[in-house]
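Enquirer: Sharing a structure below in structure tokens format, with a few things to ask.
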Amino acid sequence: MKTLGSYDYVIVGAGSAGCVLANRLSADESKSVLLIEAGSKDNYFWIPIPVGYLFTINNPRTDWMYKTAPEKGLNGRSIGYARGKVLGGCTSINAMIYMRGQRSDYDRWVESGNPDWAWDDVLPYFKGMEDYVHGANTHHGAGGELPVQERRVSWEILDAWRDAAEEKGIPKIPEFNTGDNFGNAYFQVNQRNGTRWNAMRCFINPIKNRQNLTVLSDAHVEKLLFDDPEQEIPKAHGVQVRMLGDMHGVIKANQEVILSAGAIGSPQILELSGVGNADHLEKLGIKVVKNIPGVGENLQDHLQVRIQYKIENTITLNDRYKTLFGKAMMGLEYLFLKSGPMTMPPSQLGAFAKSDPDQPSANIEWHVQPLSLDKFGEPLHNYPAVTPSVCNLRPTSRGTVHILDSNPYTHPDISPNYLSTPEDQKVAVDSVKFTRHIMSAEALKPFNPEEILPGPNIQTDEEILNAAGDLGTTIFHPVGTCKMGNDSLSVVNSELKVHGIRNLRVVDASVMPTITSGNTNAPTMMIAERAAEFIRNTEN
């Protein structure tokens with residue numbers, strides 16, 4: 001094939017991790033950096049408008065439109081699995097919620113064989129990339145590329161829900177992200193003055209004039225290329241790519257190829273390239289370059305159960321959105337003030353707690369929404385409502401991502417295996433009961449909450465678990481499919497180098513050995529910050 005170029009670093013995937021890496025590595029003017037994205041440019045109208053997630057998720061212009069395999073734990077349902085198909089990756093379509101996870105999350109990473117990944121080790125990297133709205137302090141940094149700001153719209157029902165949570169034992173706290181998230185608070189968001197700031201806007205646009213940085217969109221990496229692929233320790237030297245739909249070629253990497261294609265894309269590309277479980281690859285007729293059985297294993301995700309209540313005596317987004325006048329007023333408020341409902345992430349209010357007293361730390365999280373609908377993309381209901389969705393932060397269920405054939409354009413099989421363990425089933429049941437406990441608080445009595453889903457007739461543990469299977473859906477936090485460590489199912493070491501292959505790293509959410517507590521965007525960016533340092537240290 002024709003050689004289309006040669007660079008020191010070839011980064012595959014322009015999402016959370018890829019954009020950070022491209023920024024940091026191209027800071028060295030002596031190094032040439034290529035950032036490749038299979039999706040298109042991030043110039044779609046709805047991307048910078050926060051509420052635009054309603055129009056970017058489940059839209060083939062901006063979403064890969066993946067679906068899971070039918071899930072036994074979801075009563076046989078297959079669900080949508082949105083992933084960003086655009087420059088900025090998932091940061092162009094996500095909830096914009098800034099969440100680091102908890103100290104205990106990173107302690108588990110260390111316990112699983114990854115030294116120097118404890119909370120105190122990673123905190124400086126979080127702080128270093130932040131531009132925190134309240135200025136630098138013990139927990140936050142200022143002056144970085146990633147804006148962290150407060151919400152720009154308020155709802156009476158959410159204030160009352162905070163009071164109800166406190167009444168039921170979940171205290172009000174000023175913010176999350178200080179190491180222990182137990183409590184309830186309004187989420188902070190990656191916005192600046194009411195506008196979404198995706199990874200491109202944060203990390204690439206300010207440096208777009210660097211002569212040593214090249215960004216390619218609409219360029220689909222089909223597989224990795226190796227020197228001496230039959231040797232015991234093969235060496236990655238580039239990628240095979242299809243550009244603009246029909247131009248095939250080879251791009252060479254002089255120093256490293258870095259996969260930042262995410263928890264779905266990175267294992268898919270590895271397997272297409274002959275890196276993965278040898279038995280699986282041979283069955284598909286793919287020549288094995290390196291037998292690494294853990295590729296595509298260890299998939300973890302946050303499953304949320306969306307519990308819905310009809311309410312009275314207050315205004316919610318359902319009311320404001322159902323009339324043309326209401327929509328027009330929201331549009332004008334956003335146009336002139338950059339405030340109001342169009343600045344809303346999918347959820348504004350959060351709470352963390354233990355599903356039962358035996359949990360060592362908060363293991364469930366609520367995302368509370370002043371609205372209700374059948375699913376995102378569907379119309380809002382025509383009555384005022386609140387949806388306290390609750391998820392298991394530390395699922396013990398493990399799923400898989402594997403290619404189905406050797407065609408790089410076939411979507412892989414995604415099998416999260418939700419609710420497959422007794423522990424996860426118990427947490428789901430306990431979470432629904434806890435939500436009902438909060439909704440019974442005196443603070444919510446003025447709003448006469450009426451449970452719509454799963455419904456007051458669902459009472460036994462068996463009925464609640466079955467309802468969780470009917471109502472459960474992803475919050476789009478897949479991680480772990482190329483996990484770091486040194487056990488038999490690890491794919492990369494603690495410096496994110498792929499085991500047994502030279503000049504190849506994976507740097508994205510797939511390397512997490514266990515999922516973090518909450519939204520995974522900020523932890524993924526932190527991983528990229530650390531990886532850039534590992535790479536620079538390797539050069540030295």
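By convention in this document, the chains of the structure tokens carry letters A, B, ... by their order, each chain's residues are numbered from 1, and ligands are numbered from 1 in the order they are shown.
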Step one, run DSSP on the backbone; step two, keep only residues of segment 111-192 of chain A assigned to helix (DSSP H, G or I); then write them as a list in words.

Expert: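 Listing helix (DSSP H, G or I) positions across segment 111-192 of chain A yields Glu111, Trp119, Asp120, Asp121, Val122, Leu123, Pro124, Tyr125, Phe126, Lys127, Gly128, Met129, Glu156, Ile157, Leu158, Asp159, Ala160, Trp161, Arg162, Asp163, Ala164, Ala165, Glu166 and Glu167 of chain A.
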
Enquirer: Create the file for the chosen residues now, containing N, CA, C and O atoms and written as a CSV table (one decimal), in the first residue's frame.

Expert:
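Saved the output as out-v7.csv:
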```
chain,number,residue,atom,x,y,z
A,111,GLU,N,-3.8,-2.3,44.5
A,111,GLU,CA,-4.0,-3.6,45.0
A,111,GLU,C,-4.0,-4.7,43.9
A,111,GLU,O,-3.6,-5.8,44.2
A,119,TRP,N,-4.7,7.3,44.8
A,119,TRP,CA,-5.3,8.6,44.8
A,119,TRP,C,-4.3,9.7,44.9
A,119,TRP,O,-4.3,10.7,44.1
A,120,ASP,N,-3.4,9.6,45.8
A,120,ASP,CA,-2.4,10.7,46.0
A,120,ASP,C,-1.5,10.8,44.8
A,120,ASP,O,-0.9,11.8,44.6
A,121,ASP,N,-1.3,9.7,44.1
A,121,ASP,CA,-0.4,9.7,42.9
A,121,ASP,C,-1.1,10.4,41.8
A,121,ASP,O,-0.5,11.1,41.0
A,122,VAL,N,-2.4,10.2,41.6
A,122,VAL,CA,-3.1,10.7,40.4
A,122,VAL,C,-3.7,12.1,40.7
A,122,VAL,O,-4.0,12.8,39.7
A,123,LEU,N,-3.9,12.5,41.9
A,123,LEU,CA,-4.5,13.8,42.2
A,123,LEU,C,-3.8,15.0,41.5
A,123,LEU,O,-4.5,15.9,40.9
A,124,PRO,N,-2.5,15.0,41.5
A,124,PRO,CA,-1.8,16.2,40.9
A,124,PRO,C,-2.1,16.3,39.4
A,124,PRO,O,-2.1,17.4,38.8
A,125,TYR,N,-2.4,15.2,38.7
A,125,TYR,CA,-2.7,15.2,37.3
A,125,TYR,C,-4.1,15.7,37.0
A,125,TYR,O,-4.3,16.4,36.1
A,126,PHE,N,-5.0,15.3,37.9
A,126,PHE,CA,-6.3,15.9,37.8
A,126,PHE,C,-6.3,17.5,38.0
A,126,PHE,O,-6.8,18.2,37.2
A,127,LYS,N,-5.5,17.9,39.0
A,127,LYS,CA,-5.5,19.3,39.3
A,127,LYS,C,-4.7,20.1,38.2
A,127,LYS,O,-5.1,21.2,37.8
A,128,GLY,N,-3.7,19.4,37.6
A,128,GLY,CA,-2.9,20.1,36.6
A,128,GLY,C,-3.7,20.5,35.3
A,128,GLY,O,-3.4,21.5,34.7
A,129,MET,N,-4.7,19.7,35.0
A,129,MET,CA,-5.5,20.0,33.7
A,129,MET,C,-6.7,20.8,34.0
A,129,MET,O,-7.4,21.3,33.0
A,156,GLU,N,-36.9,23.7,41.5
A,156,GLU,CA,-37.4,23.5,42.9
A,156,GLU,C,-37.4,22.1,43.3
A,156,GLU,O,-37.1,21.7,44.5
A,157,ILE,N,-37.8,21.2,42.4
A,157,ILE,CA,-37.9,19.8,42.8
A,157,ILE,C,-36.5,19.2,43.1
A,157,ILE,O,-36.4,18.3,44.0
A,158,LEU,N,-35.5,19.6,42.5
A,158,LEU,CA,-34.1,19.1,42.8
A,158,LEU,C,-33.7,19.6,44.2
A,158,LEU,O,-33.0,18.9,44.9
A,159,ASP,N,-34.0,20.9,44.5
A,159,ASP,CA,-33.6,21.4,45.8
A,159,ASP,C,-34.4,20.6,46.9
A,159,ASP,O,-33.8,20.2,47.9
A,160,ALA,N,-35.6,20.2,46.6
A,160,ALA,CA,-36.4,19.4,47.6
A,160,ALA,C,-35.8,18.0,47.7
A,160,ALA,O,-35.8,17.4,48.8
A,161,TRP,N,-35.4,17.5,46.6
A,161,TRP,CA,-34.8,16.1,46.6
A,161,TRP,C,-33.5,16.1,47.4
A,161,TRP,O,-33.3,15.1,48.2
A,162,ARG,N,-32.7,17.2,47.3
A,162,ARG,CA,-31.6,17.3,48.2
A,162,ARG,C,-32.0,17.2,49.7
A,162,ARG,O,-31.3,16.6,50.5
A,163,ASP,N,-33.0,18.0,50.0
A,163,ASP,CA,-33.5,18.0,51.4
A,163,ASP,C,-34.0,16.6,51.8
A,163,ASP,O,-33.7,16.1,52.9
A,164,ALA,N,-34.7,15.9,50.9
A,164,ALA,CA,-35.2,14.6,51.2
A,164,ALA,C,-34.0,13.6,51.4
A,164,ALA,O,-34.1,12.7,52.3
A,165,ALA,N,-33.0,13.7,50.6
A,165,ALA,CA,-31.8,12.8,50.7
A,165,ALA,C,-31.2,13.0,52.1
A,165,ALA,O,-30.8,12.1,52.8
A,166,GLU,N,-31.0,14.3,52.5
A,166,GLU,CA,-30.4,14.6,53.8
A,166,GLU,C,-31.3,14.0,54.9
A,166,GLU,O,-30.8,13.5,55.9
A,167,GLU,N,-32.6,14.2,54.7
A,167,GLU,CA,-33.5,13.7,55.7
A,167,GLU,C,-33.4,12.2,55.9
A,167,GLU,O,-33.6,11.6,57.0
```

Enquirer: Could you give me, as a list in words, the residues within 9 Å of Cys90 of chain A, counting only C-alpha atoms and dropping anything in the same chain fewer than 4 positions from it?

Expert: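 Those residues are Gly15, Ser16, Asp63, Ala82, Arg83, Gly84, Lys85, Val86, Asn94, Asn198, Ala199 and Asn521 of chain A.
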
Enquirer: Please determine, counting only C-alpha atoms, which residue among A:Asn493, A:Asn43, A:Asn417, A:Thr195 has the shortest atom-to-atom distance to Leu337 of chain A.

Expert: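 Closest residue, counting only C-alpha atoms: A:Thr195.
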
Enquirer: At a cut-off of 6 Å, using only C-alpha atoms, what residues contact Ile251 of chain A? Leave out same-chain residues fewer than 6 positions from it and give the result as a PyMOL selection string.

Expert: chain A and resi 3-6+238-239

Enquirer: Excluding same-chain residues fewer than 3 positions from segment 132-134 of chain A, what lies within 6 Å of it counting only C-alpha atoms, as a PDB file with N, CA, C and O atoms, in the first residue's frame?

Expert:
```pdb
ATOM      1  N   GLY A 141      -7.231  22.607  40.754  1.00  0.00           N
ATOM      2  CA  GLY A 141      -6.259  23.460  40.106  1.00  0.00           C
ATOM      3  C   GLY A 141      -6.955  24.509  39.251  1.00  0.00           C
ATOM      4  O   GLY A 141      -8.134  24.406  38.928  1.00  0.00           O
ATOM      5  N   ALA A 142      -6.212  25.543  38.879  1.00  0.00           N
ATOM      6  CA  ALA A 142      -6.742  26.603  38.024  1.00  0.00           C
ATOM      7  C   ALA A 142      -5.734  26.886  36.916  1.00  0.00           C
ATOM      8  O   ALA A 142      -4.539  26.661  37.079  1.00  0.00           O
ATOM      9  N   VAL A 148     -14.055  23.559  34.711  1.00  0.00           N
ATOM     10  CA  VAL A 148     -14.941  22.890  35.659  1.00  0.00           C
ATOM     11  C   VAL A 148     -15.807  23.980  36.278  1.00  0.00           C
ATOM     12  O   VAL A 148     -15.313  24.814  37.042  1.00  0.00           O
ATOM     13  N   GLN A 149     -17.101  23.986  35.934  1.00  0.00           N
ATOM     14  CA  GLN A 149     -17.977  25.063  36.360  1.00  0.00           C
ATOM     15  C   GLN A 149     -19.263  24.519  36.972  1.00  0.00           C
ATOM     16  O   GLN A 149     -19.537  23.326  36.917  1.00  0.00           O
TER      17      GLN A 149
END
```
